[in-house]
Each structure stands twice: as C-alpha cells, then as structure tokens.
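The file protein-v3.tsv contains TSV, C-alpha atoms and all ligand atoms:
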```tsv
chain	number	residue	atom	x	y	z
A	268	MET	CA	103.07	136.46	112.54
A	269	ILE	CA	103.93	140.09	113.36
A	270	GLU	CA	106.72	138.92	115.67
A	271	ILE	CA	108.15	136.79	112.86
A	272	TYR	CA	107.74	139.60	110.33
A	273	LYS	CA	109.60	142.04	112.61
A	274	LYS	CA	112.67	139.81	112.47
A	275	LEU	CA	112.78	139.84	108.65
A	276	PRO	CA	114.60	142.56	106.70
A	277	LYS	CA	111.32	143.66	105.02
A	278	THR	CA	113.04	144.21	101.69
A	279	ASN	CA	110.71	141.89	99.74
A	280	CYS	CA	113.74	140.69	97.80
A	281	GLY	CA	112.04	137.42	96.83
A	282	GLU	CA	115.10	135.23	97.43
A	283	CYS	CA	113.15	132.88	99.68
A	284	GLY	CA	110.79	132.21	96.77
A	285	ASP	CA	107.98	134.32	98.23
A	286	THR	CA	107.35	137.68	96.70
A	287	THR	CA	107.06	139.55	100.00
A	288	CYS	CA	108.33	139.21	103.55
A	289	THR	CA	104.71	139.30	104.75
A	290	ALA	CA	103.80	136.29	102.63
A	291	PHE	CA	106.86	134.49	103.94
A	292	ALA	CA	106.03	135.33	107.58
A	293	LEU	CA	102.50	134.07	107.11
A	294	LYS	CA	103.80	130.76	105.79
A	295	VAL	CA	106.21	130.44	108.71
A	296	MET	CA	103.31	131.00	111.07
A	297	ASN	CA	101.28	128.34	109.27
A	298	ALA	CA	104.21	125.92	109.42
A	299	CYS	CA	104.58	125.80	105.64
A	300	ARG	CA	108.06	127.38	105.67
A	301	LYS	CA	110.94	127.55	108.13
A	302	ILE	CA	112.14	130.98	109.24
A	303	GLN	CA	115.73	129.94	108.49
A	304	GLU	CA	114.78	129.78	104.79
A	305	CYS	CA	115.13	133.57	104.68
A	306	PRO	CA	118.88	133.90	104.12
A	307	TYR	CA	118.89	137.25	105.91
A	308	VAL	CA	117.63	136.18	109.31
A	309	VAL	CA	120.58	136.99	111.51
A	310	ALA	CA	121.21	134.65	114.39
A	311	THR	CA	121.14	136.90	117.46
A	312	GLU	CA	119.90	135.87	120.87
A	313	ASP	CA	116.72	137.78	120.22
A	314	SER	CA	116.09	136.30	116.78
A	315	ASN	CA	116.90	132.84	118.12
A	316	LEU	CA	114.11	133.36	120.60
A	317	VAL	CA	111.71	134.14	117.77
A	318	ILE	CA	113.04	131.23	115.74
A	319	ASN	CA	112.60	128.91	118.70
A	320	LYS	CA	109.06	130.17	119.21
A	321	ALA	CA	108.33	129.71	115.50
A	322	ILE	CA	109.79	126.20	115.59
A	323	ALA	CA	107.67	125.35	118.62
A	324	THR	CA	104.58	126.64	116.79
A	325	MET	CA	105.51	124.68	113.68
A	326	GLU	CA	106.01	121.51	115.66
A	327	ASP	CA	102.66	121.94	117.41
A	328	ASN	CA	101.04	122.41	114.01
A	329	TYR	CA	102.77	119.37	112.49
A	330	SER	CA	101.72	117.23	115.40
A	331	ARG	CA	98.09	118.45	115.26
A	332	VAL	CA	97.84	117.87	111.49
A	333	SER	CA	99.49	114.47	111.78
A	334	ASN	CA	97.02	113.38	114.49
A	335	GLU	CA	94.04	114.50	112.41
A	336	LEU	CA	95.28	112.67	109.32
A	337	GLU	CA	96.13	109.59	111.37
A	338	ASP	CA	92.55	109.36	112.66
A	339	GLU	CA	91.28	109.48	109.10
A	340	ALA	CA	93.83	107.01	107.69
A	341	LYS	CA	93.19	104.45	110.45
A	342	ARG	CA	89.51	104.24	109.54
A	343	LEU	CA	90.08	103.44	105.85
A	344	ASN	CA	89.46	100.14	104.13
A	345	PHE	CA	93.12	99.03	104.10
A	346	LYS	CA	92.79	96.57	101.23
A	347	GLU	CA	91.14	99.11	98.97
A	348	ALA	CA	93.58	101.89	99.94
A	349	SER	CA	96.59	99.61	99.49
A	350	ASP	CA	95.52	98.60	95.98
A	351	ALA	CA	94.99	102.24	95.02
A	352	ILE	CA	98.32	103.56	96.28
A	353	GLY	CA	100.61	100.71	95.22
A	354	GLY	CA	101.18	99.36	98.75
A	355	ARG	CA	101.36	95.72	99.81
A	356	TYR	CA	98.36	94.59	101.86
A	357	GLU	CA	98.97	92.00	104.59
A	358	LEU	CA	96.62	90.32	107.03
A	359	LYS	CA	98.41	88.30	109.72
A	360	ASN	CA	96.99	87.20	113.08
A	361	GLU	CA	93.99	89.40	112.42
A	362	GLU	CA	96.23	92.44	112.10
A	363	GLU	CA	95.99	94.42	108.87
A	364	LYS	CA	98.94	96.29	107.41
A	365	ILE	CA	99.83	98.30	104.37
A	366	ALA	CA	103.54	98.03	103.62
A	367	LEU	CA	105.08	100.74	101.45
A	368	LYS	CA	108.33	102.58	100.88
A	369	MET	CA	108.89	106.31	101.07
A	370	LEU	CA	112.24	107.60	99.79
A	371	ASN	CA	113.41	103.97	99.65
A	372	LYS	CA	112.69	103.41	103.36
A	373	PRO	CA	110.10	100.80	104.42
A	374	TYR	CA	107.05	101.76	106.52
A	375	GLU	CA	103.94	99.95	107.70
A	376	MET	CA	100.55	101.51	108.16
A	377	ARG	CA	98.70	99.62	110.89
A	378	ARG	CA	95.37	100.25	112.62
A	379	LYS	CA	97.40	101.86	115.43
A	380	GLY	CA	99.22	104.25	113.12
A	381	LEU	CA	102.45	104.39	111.14
A	382	TYR	CA	105.39	102.13	112.02
A	383	GLU	CA	109.01	102.29	111.00
A	384	ASP	CA	111.22	99.27	111.72
A	385	GLY	CA	108.46	97.85	113.93
A	386	ILE	CA	108.36	100.99	116.11
A	387	TYR	CA	105.62	103.63	116.10
A	388	CYS	CA	106.92	106.47	113.90
A	389	LEU	CA	107.56	109.69	115.81
A	390	ASP	CA	108.42	111.89	112.86
A	391	SER	CA	105.36	114.09	112.26
A	392	TRP	CA	106.35	114.90	108.67
A	393	SER	CA	106.71	111.26	107.61
A	394	LYS	CA	103.33	110.58	109.18
A	395	ILE	CA	101.65	113.57	107.54
A	396	ILE	CA	102.93	112.64	104.10
A	397	ILE	CA	102.11	108.94	104.30
A	398	TYR	CA	98.69	109.43	105.90
A	399	ASP	CA	97.78	112.01	103.27
A	400	TYR	CA	99.00	109.69	100.52
A	401	ILE	CA	97.00	106.74	101.86
A	402	ARG	CA	93.79	108.60	102.62
A	403	ARG	CA	93.61	110.21	99.16
A	404	LYS	CA	93.67	106.82	97.44
A	405	GLY	CA	94.77	108.55	94.24
A	406	SER	CA	93.81	106.39	91.34
A	407	ARG	CA	95.00	108.24	88.26
A	408	PRO	CA	97.43	106.17	86.20
A	409	LEU	CA	100.80	107.72	85.37
A	410	THR	CA	100.31	110.14	82.51
A	411	GLY	CA	103.89	109.90	81.24
A	412	GLU	CA	103.90	113.71	81.13
A	413	TRP	CA	107.04	114.95	82.90
A	414	VAL	CA	106.57	118.24	84.68
A	415	THR	CA	108.56	120.40	87.06
A	416	LEU	CA	107.23	121.39	90.46
A	417	GLY	CA	106.10	124.77	89.09
A	418	TYR	CA	103.51	123.02	86.88
A	419	PHE	CA	101.28	122.33	89.88
A	420	PRO	CA	98.89	124.98	91.21
A	421	ASN	CA	100.05	127.36	93.95
A	422	THR	CA	103.71	126.41	93.65
A	423	ALA	CA	104.99	129.76	92.35
A	424	SER	CA	106.51	130.54	95.75
A	425	HIS	CA	108.54	127.32	95.65
A	426	VAL	CA	109.98	127.58	92.16
A	427	LYS	CA	113.00	129.82	92.78
A	428	ALA	CA	113.86	128.18	96.08
A	429	PHE	CA	113.47	124.79	94.43
A	430	GLN	CA	115.95	125.60	91.68
A	431	ARG	CA	118.45	126.97	94.14
A	432	ASN	CA	118.03	124.47	96.95
A	433	ALA	CA	117.43	121.35	94.90
A	434	GLU	CA	118.54	121.27	91.30
A	435	GLU	CA	121.55	123.58	91.65
A	436	LYS	CA	122.64	121.80	94.83
A	437	ILE	CA	122.73	118.40	93.09
A	438	ALA	CA	124.50	119.85	90.04
A	439	ALA	CA	127.17	121.51	92.22
A	440	LYS	CA	127.72	118.44	94.37
A	441	PHE	CA	128.28	116.12	91.41
A	442	ASN	CA	129.95	118.53	89.00
A	443	ASN	CA	132.70	116.49	87.27
A	444	ASN	CA	131.86	113.51	89.47
A	445	LYS	CA	129.99	111.05	87.28
A	446	GLU	CA	130.97	108.06	89.38
A	447	GLY	CA	129.79	109.71	92.60
A	448	LEU	CA	126.47	110.59	91.00
A	449	LEU	CA	125.83	107.10	89.68
A	450	ASN	CA	126.81	105.50	93.00
A	451	ARG	CA	124.50	107.81	94.90
A	452	CYS	CA	121.63	107.00	92.52
A	453	LYS	CA	122.21	103.29	93.08
A	454	GLU	CA	122.42	103.65	96.88
A	455	LEU	CA	119.06	105.39	96.96
A	456	GLY	CA	117.27	102.87	94.76
A	457	GLY	CA	117.46	104.86	91.52
A	458	VAL	CA	116.92	103.00	88.28
A	459	SER	CA	118.52	104.09	85.04
A	460	TRP	CA	115.78	105.40	82.77
A	461	GLN	CA	115.18	106.39	79.20
A	462	GLY	CA	113.21	109.55	79.05
A	463	LYS	CA	111.90	112.53	77.32
A	464	MET	CA	114.99	114.58	78.11
A	465	ASN	CA	118.18	114.47	76.17
A	466	ALA	CA	120.21	114.25	79.39
A	467	ASP	CA	123.52	112.46	79.96
A	468	TYR	CA	121.95	110.42	82.78
A	469	ILE	CA	118.38	109.89	83.85
A	470	ASN	CA	117.44	108.00	86.99
A	471	LYS	CA	113.97	107.23	88.25
A	472	PHE	CA	113.26	107.18	91.99
A	473	ASP	CA	110.03	106.32	93.75
A	474	LEU	CA	109.31	109.03	96.30
A	475	LEU	CA	106.25	106.92	97.13
A	476	PRO	CA	105.04	103.85	95.19
A	477	LYS	CA	103.02	105.89	92.71
A	478	ILE	CA	105.02	109.12	92.79
A	479	PRO	CA	108.10	108.76	90.61
A	480	LEU	CA	110.77	111.44	90.40
A	481	TYR	CA	113.07	111.63	87.37
A	482	LEU	CA	116.51	113.06	87.97
A	483	CYS	CA	118.10	114.31	84.74
A	484	PHE	CA	121.76	115.27	84.81
A	485	TRP	CA	123.95	116.96	82.22
A	486	ASP	CA	127.71	116.62	82.73
A	487	ALA	CA	129.98	119.64	82.83
A	488	ASP	CA	131.84	120.43	79.62
A	489	ASP	CA	134.43	123.02	78.57
A	490	GLU	CA	131.79	125.70	78.44
A	491	PHE	CA	129.20	124.88	81.09
A	492	GLN	CA	129.05	123.55	84.63
A	493	ALA	CA	126.96	120.43	85.24
A	494	SER	CA	123.22	120.95	85.52
A	495	CYS	CA	120.31	119.01	86.91
A	496	LYS	CA	116.56	119.00	86.46
A	497	LEU	CA	114.00	117.14	88.53
A	498	PHE	CA	110.72	116.06	86.99
A	499	LEU	CA	107.54	114.55	88.35
A	500	ASP	CA	104.68	112.83	86.59
A	501	SER	CA	101.72	115.19	86.17
A	502	SER	CA	99.49	112.66	87.99
A	503	ALA	CA	101.31	113.40	91.31
A	504	GLU	CA	98.74	115.97	92.41
A	505	ASP	CA	96.11	113.23	92.60
A	506	TYR	CA	98.17	111.35	95.14
A	507	ILE	CA	99.35	113.99	97.57
A	508	ASP	CA	98.89	117.60	98.66
A	509	ILE	CA	101.27	119.78	96.64
A	510	GLU	CA	102.86	121.41	99.72
A	511	TYR	CA	103.70	117.93	100.99
A	512	LEU	CA	104.98	116.94	97.58
A	513	ALA	CA	107.32	119.95	97.56
A	514	TYR	CA	108.58	118.98	101.00
A	515	LEU	CA	109.08	115.37	99.92
A	516	VAL	CA	111.20	116.44	96.95
A	517	GLU	CA	113.24	118.74	99.23
A	518	ARG	CA	113.81	115.86	101.58
A	519	PHE	CA	114.90	113.65	98.71
A	520	VAL	CA	117.48	116.27	97.72
A	521	GLU	CA	118.75	116.64	101.29
A	522	ILE	CA	119.35	112.88	101.44
A	523	PHE	CA	120.80	112.79	97.92
A	524	VAL	CA	123.51	115.37	98.57
A	525	GLN	CA	124.45	114.13	102.07
B	1	LIG	S1	114.29	136.24	101.48
B	1	LIG	FE1	112.05	136.41	101.65
B	1	LIG	S2	111.69	136.83	103.79
B	1	LIG	FE2	113.86	137.18	103.45
B	1	LIG	S3	113.99	139.35	102.96
B	1	LIG	FE3	113.75	138.36	101.03
B	1	LIG	S4	111.51	138.32	100.65
B	1	LIG	FE4	111.83	138.82	102.80
```
Can you present the structure in this file as structure tokens?
Ligand code: SF4
Amino acid sequence: MIEIYKKLPKTNCGECGDTTCTAFALKVMNACRKIQECPYVVATEDSNLVINKAIATMEDNYSRVSNELEDEAKRLNFKEASDAIGGRYELKNEEEKIALKMLNKPYEMRRKGLYEDGIYCLDSWSKIIIYDYIRRKGSRPLTGEWVTLGYFPNTASHVKAFQRNAEEKIAAKFNNNKEGLLNRCKELGGVSWQGKMNADYINKFDLLPKIPLYLCFWDADDEFQASCKLFLDSSAEDYIDIEYLAYLVERFVEIFVQ
C-alpha cells in the first residue's frame, strides 16, 4: 500500500471519489479500485512498474475471491437459487444448470462453475458478480423505489466518480443524438419505460434478472447540454454486494458508450 501511496500526488483532492490518497491507495491494494482511476498518476517507467505490480495483486485477489465464491455457489440447491434470483433452471442428462443473463449476455451456472457460450468463463469479475448474486438468493421483491448509487451504504467514495464516469459520459456521448441513444438502448436490450422521472426518455435494462437499471435522459436544449441519471431499485442491495453492484453499473456504462 505504501508503494502505491508513494506514486500518488498526496494532495487529497478527492477527484477519484475518495477523500484522501491514503484511502484510495488502500482500496487499490484491496483490489476495489484501479490505480489508473487517479487522474494524476503519471505514466513513467517507474510508475508503470508499480501499476503492473498493483494490477498483478488485483488479479490475484480477483481470482482468489472468485474461487471462494465458486465453491460456495456450486454447493447450492440450484432449483431453489434459480427461483430466487430469476434464473431458468434446467435439468438435462442429469446435469443441472441455471441459465441467466448479465448485461444482456447469456451465462450458465453449472456444478463445474460458470459457463459462457458453452466454455468455462475465465473472467474473474463476471464470475465474482454472478456467484455472489446466486449465492445470496436475494428474495426481496422490487420496491419500485428508484434510488441512485449513493443511496446504498458505504458508497460515498463512488458518488463523484460515478457522476463523472457514468452519467456525464452517457450525456456527453449522446448530446444532440437522440437516434444514436435510442438505437444503443435497443441494441443492449433496453425497454422503453414510464417512470417516476420527468425525463425525455427512460429505458429499463436488466443488469441481472432481478437488478433493473433505469436510464433517464434529458435532451439538450438552447440553454442546457443533455443530461443523464441512472437509477436502481432500492431492493438491489439484497441481491448483490454493493461494491460489485457499483462495478456492474460501471461496466454497463463502458459498454453503453462504446
Ligand atoms: S484523485 Fe484521489 S488519489 Fe489522486 S490525488 Fe486526488 S485524492 Fe489522491
């Protein structure tokens, strides 16, 4: 952690969403943040070395966590878990499966682990998120209460970064581009939605079967640029760890603006 901290400017400017560089360095060490999320990390040979070390540590951590969660998820009662999380249970040739979609992509949970297109999934993050989702067997019905990420406990450090890296990114990408926005929503399985917000467009996406995300978009006008807000149902915390939820939303945005 000290090695990571030494490479930061130590100004505690808060732009990464953490209030201090120490807090940020600690999260990098624990694989909750990426060192590149500090906009002031300068890419020198030396800092690349630290970044590479940090990435290696992060990947080791992801892989360890994913193996632990996999062991737990494999031992579950698949039928019961599938019913709870909105998956599709299948039993064929004595092989049990839970089929589900994450970010509009199909996956299968089998007794041997997570599969994507019939091949064992090698992406630790996809595995962590889906295993956590399955093992929690969240059972709370949707509350219909739309909340932003900052509503959930311990998300204060994500709020600023979330606005900048997610909502503002979508608004900038589709500013004055209504057709592009609507096409992108359609491509990613979005469904036009009526909602609590008085937005020009609202689309609902299923991050996971029981974790909807509502994208609200206000067109640019003579006075203002376009703006975007992302909402989740307040039941989401019953279905997934909040750090993983934040990552899932970030990933959604990355795909959305590609
Ligand atoms: S962005 Fe975060 S890590 Fe980077 S200098 Fe500011 S507080 Fe420190």
Dump as JSON lines the rows for residues of region 320-366 of chain A within 9 Å of region 471-480 of chain A: closest atom pair and distance in Å with one decimal, only C-alpha atoms counted, ordered by chain and rising residue number.
```
{"residue": "A:Ile352", "atom": "CA", "partner": "A:Lys477", "partner_atom": "CA", "distance": 6.3}
{"residue": "A:Gly353", "atom": "CA", "partner": "A:Pro476", "partner_atom": "CA", "distance": 5.4}
{"residue": "A:Gly354", "atom": "CA", "partner": "A:Pro476", "partner_atom": "CA", "distance": 6.9}
```
| task | Using all atoms listed in the file, determine which residues lie at most 12 Å from region 450-458 of chain A, disregarding the query and same-chain residues fewer than 6 positions distant; provide the list as a ChimeraX atom specification. | result | /A:368-372,437,440-441,444,468-475,479-484,519-520,522-525
| note | Judged by only C-alpha atoms and all ligand atoms, the minimum distance to ligand LIG 1 (chain B) among A:Lys445, A:Lys463, A:Arg355, A:Lys294 is found for A:Lys294
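Closest approach to Ser501 (chain A) among A:Glu412, A:Glu270, A:Asp327, A:Asp467: A:Glu412, based on only C-alpha atoms.
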| Proximity to ligand LIG 1 (chain B) - best of A:Lys301, A:Lys277, A:Arg342, A:Lys364, only C-alpha atoms and all ligand atoms | A:Lys277
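The coordinates place CA of Ala493 (chain A) at 22.5 Å from CA of Glu282 (chain A).
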| task | Quick one: everything within 9 Å of Ile269 (chain A), counting all atoms listed in the file, minus sequence neighbours fewer than 6 positions away in the same chain. Send it as JSON, numbers by chain. | result | {"A": [289, 292, 293]}
Any chance you can output those residues with C-alpha atoms as a compact mmCIF listing (two decimals), keeping the file's coordinate frame?
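Okay, this is what ended up in part_24.txt:
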```
# COMPACT_ATOMS: atom_id res chain seq x y z
CA THR A 289 104.71 139.30 104.75
CA ALA A 292 106.03 135.33 107.58
CA LEU A 293 102.50 134.07 107.11
```
| message | How would you report the residues lying within 6 Å of ligand LIG 1 (chain B), as a count of residues only, if you count only C-alpha atoms and all ligand atoms? | response | 17
| said: Report, in Å to a single decimal, how far apart CA of Ile509 (chain A) and CA of Gly284 (chain A) are. | reply: 15.7 Å
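Surrounding residues of (99.1, 102.6, 111.7) at most 10 Å away are Glu337, Asp338, Ala340, Lys341, Arg342, Glu363, Lys364, Ile365, Tyr374, Glu375, Met376, Arg377, Arg378, Lys379, Gly380, Leu381, Tyr382, Glu383, Tyr387, Cys388, Lys394 and Tyr398 of chain A (based on only C-alpha atoms).
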| task | Could you check how far CA of Glu517 (chain A) sits from CA of Ala348 (chain A), in Å to one decimal? | result | 25.9 Å
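Using all atoms listed in the file, the nearest neighbour of Asp486 (chain A) within the list A:Met268, A:Leu512, A:Leu449, A:Ala423 is A:Leu449.
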May I have the protein, DNA and RNA residues with an atom at most 10 Å from (95.3, 119.6, 88.1), counting all atoms listed in the file in the file's coordinates, returned as a PDB file with C-alpha atoms, in the frame of the given file?
```pdb
ATOM      1  CA  TYR A 418     103.510 123.020  86.880  1.00  0.00           C
ATOM      2  CA  PHE A 419     101.280 122.330  89.880  1.00  0.00           C
ATOM      3  CA  PRO A 420      98.890 124.980  91.210  1.00  0.00           C
ATOM      4  CA  SER A 501     101.720 115.190  86.170  1.00  0.00           C
ATOM      5  CA  SER A 502      99.490 112.660  87.990  1.00  0.00           C
ATOM      6  CA  ALA A 503     101.310 113.400  91.310  1.00  0.00           C
ATOM      7  CA  GLU A 504      98.740 115.970  92.410  1.00  0.00           C
ATOM      8  CA  ASP A 505      96.110 113.230  92.600  1.00  0.00           C
TER       9      ASP A 505
END
```
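Using only C-alpha atoms, the nearest neighbour of Val295 (chain A) within the list A:Ala433, A:Ala428, A:Ile271, A:Ile401 is A:Ile271.
Each of A:Ala438, A:Glu510, A:Leu515, A:Glu521 was compared to Trp485 (chain A) using all atoms listed in the file, and A:Ala438 turns out to be the nearest.
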Can you give me N, CA and C atoms for region 350-369 of chain A, written as a compact mmCIF listing (two decimals), keeping the file's coordinate frame?
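Okay, result07.txt is ready:
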```
# COMPACT_ATOMS: atom_id res chain seq x y z
N ASP A 350 95.56 98.83 97.43
CA ASP A 350 95.52 98.60 95.98
C ASP A 350 95.66 99.93 95.22
N ALA A 351 94.98 100.96 95.74
CA ALA A 351 94.99 102.24 95.02
C ALA A 351 96.37 102.90 95.04
N ILE A 352 97.09 102.76 96.14
CA ILE A 352 98.32 103.56 96.28
C ILE A 352 99.60 102.77 95.99
N GLY A 353 99.43 101.51 95.57
CA GLY A 353 100.61 100.71 95.22
C GLY A 353 101.32 100.15 96.43
N GLY A 354 100.59 99.98 97.55
CA GLY A 354 101.18 99.36 98.75
C GLY A 354 101.03 97.84 98.69
N ARG A 355 101.54 97.18 99.73
CA ARG A 355 101.36 95.72 99.81
C ARG A 355 100.49 95.43 101.02
N TYR A 356 99.31 94.85 100.76
CA TYR A 356 98.36 94.59 101.86
C TYR A 356 98.71 93.27 102.53
N GLU A 357 98.71 93.26 103.87
CA GLU A 357 98.97 92.00 104.59
C GLU A 357 97.95 91.86 105.70
N LEU A 358 97.52 90.61 105.90
CA LEU A 358 96.62 90.32 107.03
C LEU A 358 97.21 89.13 107.75
N LYS A 359 97.78 89.39 108.95
CA LYS A 359 98.41 88.30 109.72
C LYS A 359 97.91 88.39 111.15
N ASN A 360 97.50 87.24 111.69
CA ASN A 360 96.99 87.20 113.08
C ASN A 360 95.96 88.30 113.32
N GLU A 361 95.09 88.42 112.35
CA GLU A 361 93.99 89.40 112.42
C GLU A 361 94.47 90.85 112.46
N GLU A 362 95.74 91.05 112.14
CA GLU A 362 96.23 92.44 112.10
C GLU A 362 96.45 92.84 110.64
N GLU A 363 95.85 93.95 110.25
CA GLU A 363 95.99 94.42 108.87
C GLU A 363 97.15 95.41 108.77
N LYS A 364 97.83 95.37 107.62
CA LYS A 364 98.94 96.29 107.41
C LYS A 364 98.98 96.70 105.95
N ILE A 365 99.46 97.91 105.73
CA ILE A 365 99.83 98.30 104.37
C ILE A 365 101.33 98.58 104.41
N ALA A 366 102.09 97.80 103.66
CA ALA A 366 103.54 98.03 103.62
C ALA A 366 103.84 98.89 102.39
N LEU A 367 104.70 99.89 102.59
CA LEU A 367 105.08 100.74 101.45
C LEU A 367 106.43 101.38 101.73
N LYS A 368 107.05 101.90 100.69
CA LYS A 368 108.33 102.58 100.88
C LYS A 368 108.17 104.06 100.58
N MET A 369 108.82 104.88 101.39
CA MET A 369 108.89 106.31 101.07
C MET A 369 110.38 106.65 101.03
```
